[in-house]
file target36.txt (compact mmCIF, C-alpha atoms)
# COMPACT_ATOMS: atom_id res chain seq x y z
CA ILE A 1 0.00 0.00 0.00
CA TYR A 2 2.66 2.44 1.08
CA LYS A 3 6.10 1.42 -0.15
CA LYS A 4 5.25 -0.23 -3.43
CA ARG A 5 2.59 2.31 -4.33
CA GLY A 6 4.64 5.34 -3.37
CA LEU A 7 3.05 6.84 -0.27
CA VAL A 8 4.32 10.35 0.35
CA GLY A 9 6.59 10.25 3.42
CA THR A 10 6.75 13.89 4.43
CA SER A 11 4.37 16.34 6.03
CA GLN A 12 4.13 20.10 6.14
CA LYS A 13 6.37 19.97 9.19
CA GLY A 14 8.93 17.67 7.60
CA ILE A 15 9.84 14.01 7.45
CA ILE A 16 8.22 11.58 9.88
CA ARG A 17 10.85 10.73 12.48
CA ARG A 18 8.94 8.25 14.60
CA PRO A 19 6.94 5.19 13.59
CA GLN A 20 3.30 6.09 13.18
CA ARG A 21 1.08 3.85 15.23
CA LEU A 22 -1.70 2.00 13.38
CA ARG A 23 -4.29 -0.45 14.58
CA PHE A 24 -6.36 -2.40 12.08
CA VAL A 25 -9.63 -3.78 13.47
CA MET A 26 -10.85 -6.66 11.31
CA ASP A 27 -14.40 -8.00 11.25
CA CYS A 28 -14.29 -11.71 12.03
CA SER A 29 -17.97 -12.05 12.90
CA GLY A 30 -20.14 -14.95 11.89
CA SER A 31 -21.79 -12.91 9.13
CA MET A 32 -18.45 -12.71 7.32
CA TYR A 33 -18.34 -16.50 7.06
CA ARG A 34 -22.08 -16.99 6.58
CA PHE A 35 -22.51 -14.51 3.73
CA ASN A 36 -19.20 -15.11 2.00
CA GLY A 37 -20.99 -17.17 -0.65
CA TYR A 38 -23.30 -14.22 -1.30
CA ASP A 39 -20.72 -11.49 -1.97
CA GLN A 40 -17.26 -12.87 -1.00
CA ARG A 41 -17.10 -10.52 1.98
CA GLN A 42 -14.85 -12.79 4.02
CA GLN A 43 -12.57 -13.30 1.04
CA ARG A 44 -12.28 -9.53 0.69
CA CYS A 45 -11.57 -9.14 4.40
CA LEU A 46 -8.80 -11.75 4.18
CA GLU A 47 -7.37 -10.06 1.10
CA ALA A 48 -7.42 -6.74 2.94
CA ALA A 49 -5.58 -8.23 5.92
CA ALA A 50 -2.99 -9.86 3.66
CA LEU A 51 -2.52 -6.63 1.75
CA VAL A 52 -1.89 -4.67 4.94
CA MET A 53 0.62 -7.21 6.27
CA GLU A 54 2.51 -7.54 2.99
CA SER A 55 2.63 -3.80 2.37
CA LEU A 56 3.89 -2.98 5.86
CA ASP A 57 6.55 -5.70 5.78
CA GLY A 58 9.96 -4.13 6.35
CA MET A 59 8.53 -0.71 7.23
CA ALA A 60 8.91 -0.81 11.02
CA SER A 61 10.89 2.42 10.97
CA ARG A 62 7.84 4.24 9.60
CA PHE A 63 4.83 2.32 10.89
CA ASP A 64 4.26 0.34 14.08
CA TYR A 65 1.04 -1.60 13.51
CA SER A 66 -1.13 -4.18 15.15
CA MET A 67 -4.14 -6.12 13.92
CA VAL A 68 -7.04 -7.37 16.01
CA GLY A 69 -10.31 -9.09 15.26
CA HIS A 70 -13.81 -8.76 16.69
CA SER A 71 -17.00 -10.79 16.54
CA GLY A 72 -20.11 -11.57 18.52
CA ASP A 73 -17.85 -13.41 20.98
CA SER A 74 -15.25 -10.72 21.52
CA LYS A 75 -14.54 -7.02 21.16
CA CYS A 76 -10.88 -7.72 20.62
CA PHE A 77 -8.70 -10.75 20.01
CA GLU A 78 -5.12 -10.30 18.91
CA LEU A 79 -3.97 -11.24 15.45
CA VAL A 80 -0.76 -9.22 15.10
CA PRO A 81 0.75 -7.54 18.20
CA PHE A 82 2.53 -4.21 18.12
CA GLY A 83 6.22 -4.63 17.46
CA LYS A 84 5.88 -8.21 16.26
CA PRO A 85 4.67 -8.23 12.67
CA PRO A 86 4.56 -11.59 10.86
CA ALA A 87 8.04 -12.28 9.53
CA ASN A 88 7.17 -14.42 6.52
CA GLU A 89 4.38 -15.85 4.39
CA MET A 90 3.73 -18.74 6.76
CA GLU A 91 3.13 -16.41 9.70
CA ARG A 92 0.85 -14.22 7.60
CA LEU A 93 -1.07 -17.32 6.54
CA ARG A 94 -1.60 -18.28 10.19
CA VAL A 95 -3.18 -14.88 10.83
CA LEU A 96 -5.63 -15.43 7.98
CA GLN A 97 -6.41 -18.96 9.16
CA THR A 98 -7.18 -17.63 12.63
CA MET A 99 -9.61 -15.12 11.14
CA VAL A 100 -11.45 -17.81 9.19
CA ALA A 101 -11.61 -20.25 12.11
CA HIS A 102 -12.93 -17.62 14.47
CA SER A 103 -15.69 -16.44 12.12
CA GLN A 104 -16.71 -20.02 11.43
CA PHE A 105 -17.31 -20.97 15.06
CA CYS A 106 -18.12 -17.71 16.91
CA MET A 107 -21.56 -16.78 18.21
CA SER A 108 -23.74 -14.37 16.27
CA GLY A 109 -23.70 -10.76 17.34
CA ASP A 110 -21.88 -7.53 16.63
CA ASN A 111 -19.16 -5.79 18.63
CA THR A 112 -18.12 -3.24 16.02
CA LEU A 113 -18.69 -0.23 18.28
CA GLY A 114 -16.93 -1.74 21.29
CA ALA A 115 -14.05 -2.93 19.14
CA ILE A 116 -13.44 0.55 17.74
CA GLN A 117 -13.65 2.15 21.17
CA MET A 118 -11.23 -0.39 22.63
CA ALA A 119 -8.83 0.13 19.73
CA ILE A 120 -8.83 3.89 20.26
CA THR A 121 -7.80 3.33 23.88
CA ASP A 122 -5.32 0.52 23.25
CA VAL A 123 -3.46 2.08 20.32
CA LYS A 124 -1.80 4.54 22.73
CA GLU A 125 -0.82 1.91 25.28
CA GLY A 126 1.86 -0.75 25.60
CA TYR A 127 4.47 0.64 23.22
CA SER A 128 6.98 -2.02 22.31
CA SER A 129 10.00 0.25 21.80
CA ASP A 130 12.00 2.59 24.04
CA VAL A 131 10.97 5.65 22.02
CA ASP A 132 9.16 8.39 23.91
CA TYR A 133 5.82 8.58 22.14
CA ASP A 134 4.39 11.49 24.11
CA ASP A 135 4.82 13.72 21.08
CA ALA A 136 4.56 11.01 18.43
CA GLU A 137 2.65 11.25 15.21
CA ASP A 138 -1.10 10.88 15.54
CA CYS A 139 -2.26 7.31 16.03
CA ILE A 140 -4.72 5.83 13.56
CA VAL A 141 -7.41 3.19 13.96
CA VAL A 142 -8.85 1.63 10.80
CA ALA A 143 -11.82 -0.69 11.19
CA VAL A 144 -12.51 -3.01 8.25
CA SER A 145 -16.03 -4.37 8.41
CA ASP A 146 -19.14 -5.38 6.53
CA ALA A 147 -22.04 -2.94 6.79
CA ASN A 148 -24.30 -5.38 8.59
CA LEU A 149 -25.08 -2.85 11.32
CA GLU A 150 -28.77 -2.04 10.93
CA ARG A 151 -29.59 -5.66 11.78
CA TYR A 152 -28.20 -5.04 15.27
CA GLY A 153 -29.81 -1.62 15.73
CA ILE A 154 -26.57 0.28 15.10
CA SER A 155 -27.11 3.62 13.40
CA PRO A 156 -24.54 5.89 11.72
CA ARG A 157 -24.86 8.17 14.75
CA HIS A 158 -23.89 5.30 17.05
CA LEU A 159 -20.87 4.62 14.87
CA GLU A 160 -19.87 8.28 14.82
CA LEU A 161 -20.00 8.44 18.62
CA ALA A 162 -17.95 5.25 18.93
CA MET A 163 -15.28 6.75 16.69
CA ALA A 164 -15.11 9.97 18.70
CA VAL A 165 -12.17 10.44 21.07
CA ASP A 166 -11.79 12.03 24.49
CA SER A 167 -9.04 14.37 25.65
CA VAL A 168 -6.78 11.46 26.57
CA SER A 169 -6.93 10.04 23.04
CA ALA A 170 -7.15 13.38 21.27
CA THR A 171 -4.26 12.54 18.94
CA THR A 172 -5.97 9.35 17.75
CA ARG A 173 -8.40 9.27 14.84
CA ALA A 174 -10.62 6.40 13.79
CA TYR A 175 -11.87 5.44 10.35
CA CYS A 176 -14.19 2.74 9.08
CA VAL A 177 -13.91 0.92 5.75
CA PHE A 178 -16.92 -1.13 4.67
CA ILE A 179 -16.00 -3.97 2.33
CA ALA A 180 -19.48 -5.51 1.96
CA SER A 181 -23.09 -4.44 2.16
CA PHE A 182 -26.65 -5.55 1.66
CA GLY A 183 -28.03 -3.17 -0.93
CA THR A 184 -26.88 0.39 -0.36
CA GLU A 185 -26.38 0.14 3.42
CA ALA A 186 -22.63 0.88 3.28
CA ASP A 187 -23.09 3.91 1.03
CA ASP A 188 -25.97 5.16 3.18
CA ILE A 189 -23.84 4.93 6.33
CA CYS A 190 -20.92 6.75 4.71
CA LYS A 191 -23.17 9.61 3.57
CA ARG A 192 -24.34 10.15 7.14
CA MET A 193 -20.87 10.06 8.69
CA PRO A 194 -18.45 13.01 8.99
CA LEU A 195 -16.68 13.57 5.70
CA GLY A 196 -13.63 11.38 5.22
CA ARG A 197 -14.23 9.11 8.21
CA ALA A 198 -16.09 6.22 6.55
CA PHE A 199 -15.53 4.60 3.17
CA SER A 200 -17.35 2.07 1.02
CA CYS A 201 -14.87 -0.30 -0.62
CA ASN A 202 -16.48 -2.55 -3.21
CA SER A 203 -13.20 -4.15 -4.25
CA THR A 204 -9.96 -4.84 -2.40
CA ASN A 205 -8.25 -3.09 -5.31
CA GLU A 206 -9.67 0.13 -3.87
CA LEU A 207 -8.27 -0.47 -0.38
CA PRO A 208 -4.69 0.72 -1.01
CA LYS A 209 -5.95 4.08 -2.24
CA ILE A 210 -8.31 4.45 0.72
CA VAL A 211 -5.66 3.66 3.34
CA LYS A 212 -3.11 5.80 1.54
CA ASN A 213 -5.55 8.73 1.55
CA ILE A 214 -6.13 8.25 5.27
CA LEU A 215 -2.42 8.32 6.02
CA VAL A 216 -1.72 11.28 3.75
CA SER A 217 -4.61 13.13 5.40
CA GLU A 218 -3.21 12.40 8.84
CA ILE A 219 0.30 13.45 7.85
CA GLY A 220 -1.08 16.70 6.50
CA GLN A 221 -2.76 17.38 9.83
CA GLY A 222 0.35 16.46 11.79

call {"tool": "encode", "arguments": {"input": "target36.txt", "output": "structure tokens"}}
result
Amino acid sequence: IYKKRGLVGTSQKGIIRRPQRLRFVMDCSGSMYRFNGYDQRQQRCLEAAALVMESLDGMASRFDYSMVGHSGDSKCFELVPFGKPPANEMERLRVLQTMVAHSQFCMSGDNTLGAIQMAITDVKEGYSSDVDYDDAEDCIVVAVSDANLERYGISPRHLELAMAVDSVSATTRAYCVFIASFGTEADDICKRMPLGRAFSCNSTNELPKIVKNILVSEIGQG
């Protein structure tokens, strides 16, 4: 996404000197597995996860990332910890296998809101390096999900509130990327969210551009 596709590495204040902290929140709910035959939503989620891991490989000096999953069983289960990215294809494959296994056997339900809120809190905690991150670049949370929210009574307003931050996490911003939808639900949600905070991604080919735009936007605000 970043290296191979030429992400700009400077901001208005100069070159990024510290790794920017990213947390990717992946939807591993039962609906991903159940409706994969309908629109390949789980396949797209797996492709998105693989794309993130492959693109960030070897870029620890610029990005410190983690990846977690959520489902009806859990708001957060770890897939890739901060400071310990998968070192090779086999380790990346194990992450994808964990995502599939979890979605296949988890209970129904939706923890999208709780997962985003937890990620906003956790992304600032437990730094793996000795760098002082008090004045680090803004942290970013990117949730990758289907748009199966209305079924659980979750409105765009609920999502907007979940993505809001308090004074403690003021330097963290959250975004949501919808990779599947029934009808126009994803587009409808995005239209009712603050501009630039939610995206409808109908193909994983669009994901690099979306994530790149998020990072460039954050760098510009830094």

call {"tool": "residues_around", "arguments": {"input": "target36.txt", "residues": "Glu91 (chain A)", "least_positions_apart": "6", "cutoff": "12 Å", "atoms": "all atoms listed in the file", "output": "ChimeraX atom specification"}}
result
/A:50,53-54,57,79-80,84-85,97-98

call {"tool": "closest_residue", "arguments": {"input": "target36.txt", "among": "A:Val144, A:Met32, A:Leu93, A:Met26", "to": "Ile179 (chain A)", "atoms": "all atoms listed in the file"}}
result
A:Val144

call {"tool": "residues_near_point", "arguments": {"input": "target36.txt", "point": "(-15.8, -7.3, 17.0)", "cutoff": "8 Å", "atoms": "all atoms listed in the file", "output": "tab-separated table (two decimals) with C-alpha atoms, in the coordinates of the input"}}
result
chain	number	residue	atom	x	y	z
A	25	VAL	CA	-9.63	-3.78	13.47
A	26	MET	CA	-10.85	-6.66	11.31
A	27	ASP	CA	-14.40	-8.00	11.25
A	28	CYS	CA	-14.29	-11.71	12.03
A	29	SER	CA	-17.97	-12.05	12.90
A	69	GLY	CA	-10.31	-9.09	15.26
A	70	HIS	CA	-13.81	-8.76	16.69
A	71	SER	CA	-17.00	-10.79	16.54
A	72	GLY	CA	-20.11	-11.57	18.52
A	73	ASP	CA	-17.85	-13.41	20.98
A	74	SER	CA	-15.25	-10.72	21.52
A	75	LYS	CA	-14.54	-7.02	21.16
A	76	CYS	CA	-10.88	-7.72	20.62
A	110	ASP	CA	-21.88	-7.53	16.63
A	111	ASN	CA	-19.16	-5.79	18.63
A	112	THR	CA	-18.12	-3.24	16.02
A	113	LEU	CA	-18.69	-0.23	18.28
A	114	GLY	CA	-16.93	-1.74	21.29
A	115	ALA	CA	-14.05	-2.93	19.14

call {"tool": "atom_distance", "arguments": {"input": "target36.txt", "atom1": "CA of Cys201 (chain A)", "atom2": "CA of Asp187 (chain A)"}}
result
9.4 Å

call {"tool": "closest_residue", "arguments": {"input": "target36.txt", "among": "A:Ser55, A:Thr184, A:Thr204, A:Thr171", "to": "Gln42 (chain A)", "atoms": "all atoms listed in the file"}}
result
A:Thr204

call {"tool": "axis_aligned_box", "arguments": {"input": "target36.txt", "around": "region 137-143 of chain A", "padding_each_side": "4 Å", "output": "lines of an AutoDock Vina configuration file"}}
result
center_x = -4.6
center_y = 5.3
center_z = 13.4
size_x = 22.5
size_y = 19.9
size_z = 13.2

call {"tool": "residues_around", "arguments": {"input": "target36.txt", "residues": "Cys190 (chain A)", "least_positions_apart": "6", "cutoff": "12 Å", "atoms": "only C-alpha atoms", "output": "ChimeraX atom specification"}}
result
/A:147,155-157,159-160,175-178,181,184,196-201

call {"tool": "write_last_selection", "arguments": {"input": "target36.txt", "atoms": "C-alpha atoms", "output": "mmCIF file, in the coordinates of the input"}}
result
data_model
loop_
_atom_site.group_PDB
_atom_site.id
_atom_site.type_symbol
_atom_site.label_atom_id
_atom_site.label_comp_id
_atom_site.auth_asym_id
_atom_site.auth_seq_id
_atom_site.Cartn_x
_atom_site.Cartn_y
_atom_site.Cartn_z
ATOM 1 C CA ALA A 147 -22.040 -2.940 6.790
ATOM 2 C CA SER A 155 -27.110 3.620 13.400
ATOM 3 C CA PRO A 156 -24.540 5.890 11.720
ATOM 4 C CA ARG A 157 -24.860 8.170 14.750
ATOM 5 C CA LEU A 159 -20.870 4.620 14.870
ATOM 6 C CA GLU A 160 -19.870 8.280 14.820
ATOM 7 C CA TYR A 175 -11.870 5.440 10.350
ATOM 8 C CA CYS A 176 -14.190 2.740 9.080
ATOM 9 C CA VAL A 177 -13.910 0.920 5.750
ATOM 10 C CA PHE A 178 -16.920 -1.130 4.670
ATOM 11 C CA SER A 181 -23.090 -4.440 2.160
ATOM 12 C CA THR A 184 -26.880 0.390 -0.360
ATOM 13 C CA GLY A 196 -13.630 11.380 5.220
ATOM 14 C CA ARG A 197 -14.230 9.110 8.210
ATOM 15 C CA ALA A 198 -16.090 6.220 6.550
ATOM 16 C CA PHE A 199 -15.530 4.600 3.170
ATOM 17 C CA SER A 200 -17.350 2.070 1.020
ATOM 18 C CA CYS A 201 -14.870 -0.300 -0.620
#

call {"tool": "closest_residue", "arguments": {"input": "target36.txt", "among": "A:Gly183, A:Leu96, A:Val165, A:Phe63", "to": "Gln43 (chain A)", "atoms": "all atoms listed in the file"}}
result
A:Leu96

call {"tool": "closest_residue", "arguments": {"input": "target36.txt", "among": "A:Ala119, A:Pro19, A:Leu207, A:Asn202", "to": "Ala49 (chain A)", "atoms": "all atoms listed in the file"}}
result
A:Leu207

call {"tool": "atom_distance", "arguments": {"input": "target36.txt", "atom1": "CA of Leu149 (chain A)", "atom2": "CA of Cys106 (chain A)"}}
result
17.3 Å

call {"tool": "closest_residue", "arguments": {"input": "target36.txt", "among": "A:Lys212, A:His158, A:Arg62, A:Arg151", "to": "Gly83 (chain A)", "atoms": "all atoms listed in the file"}}
result
A:Arg62

call {"tool": "atom_distance", "arguments": {"input": "target36.txt", "atom1": "CA of Asp138 (chain A)", "atom2": "CA of Ile116 (chain A)"}}
result
16.2 Å
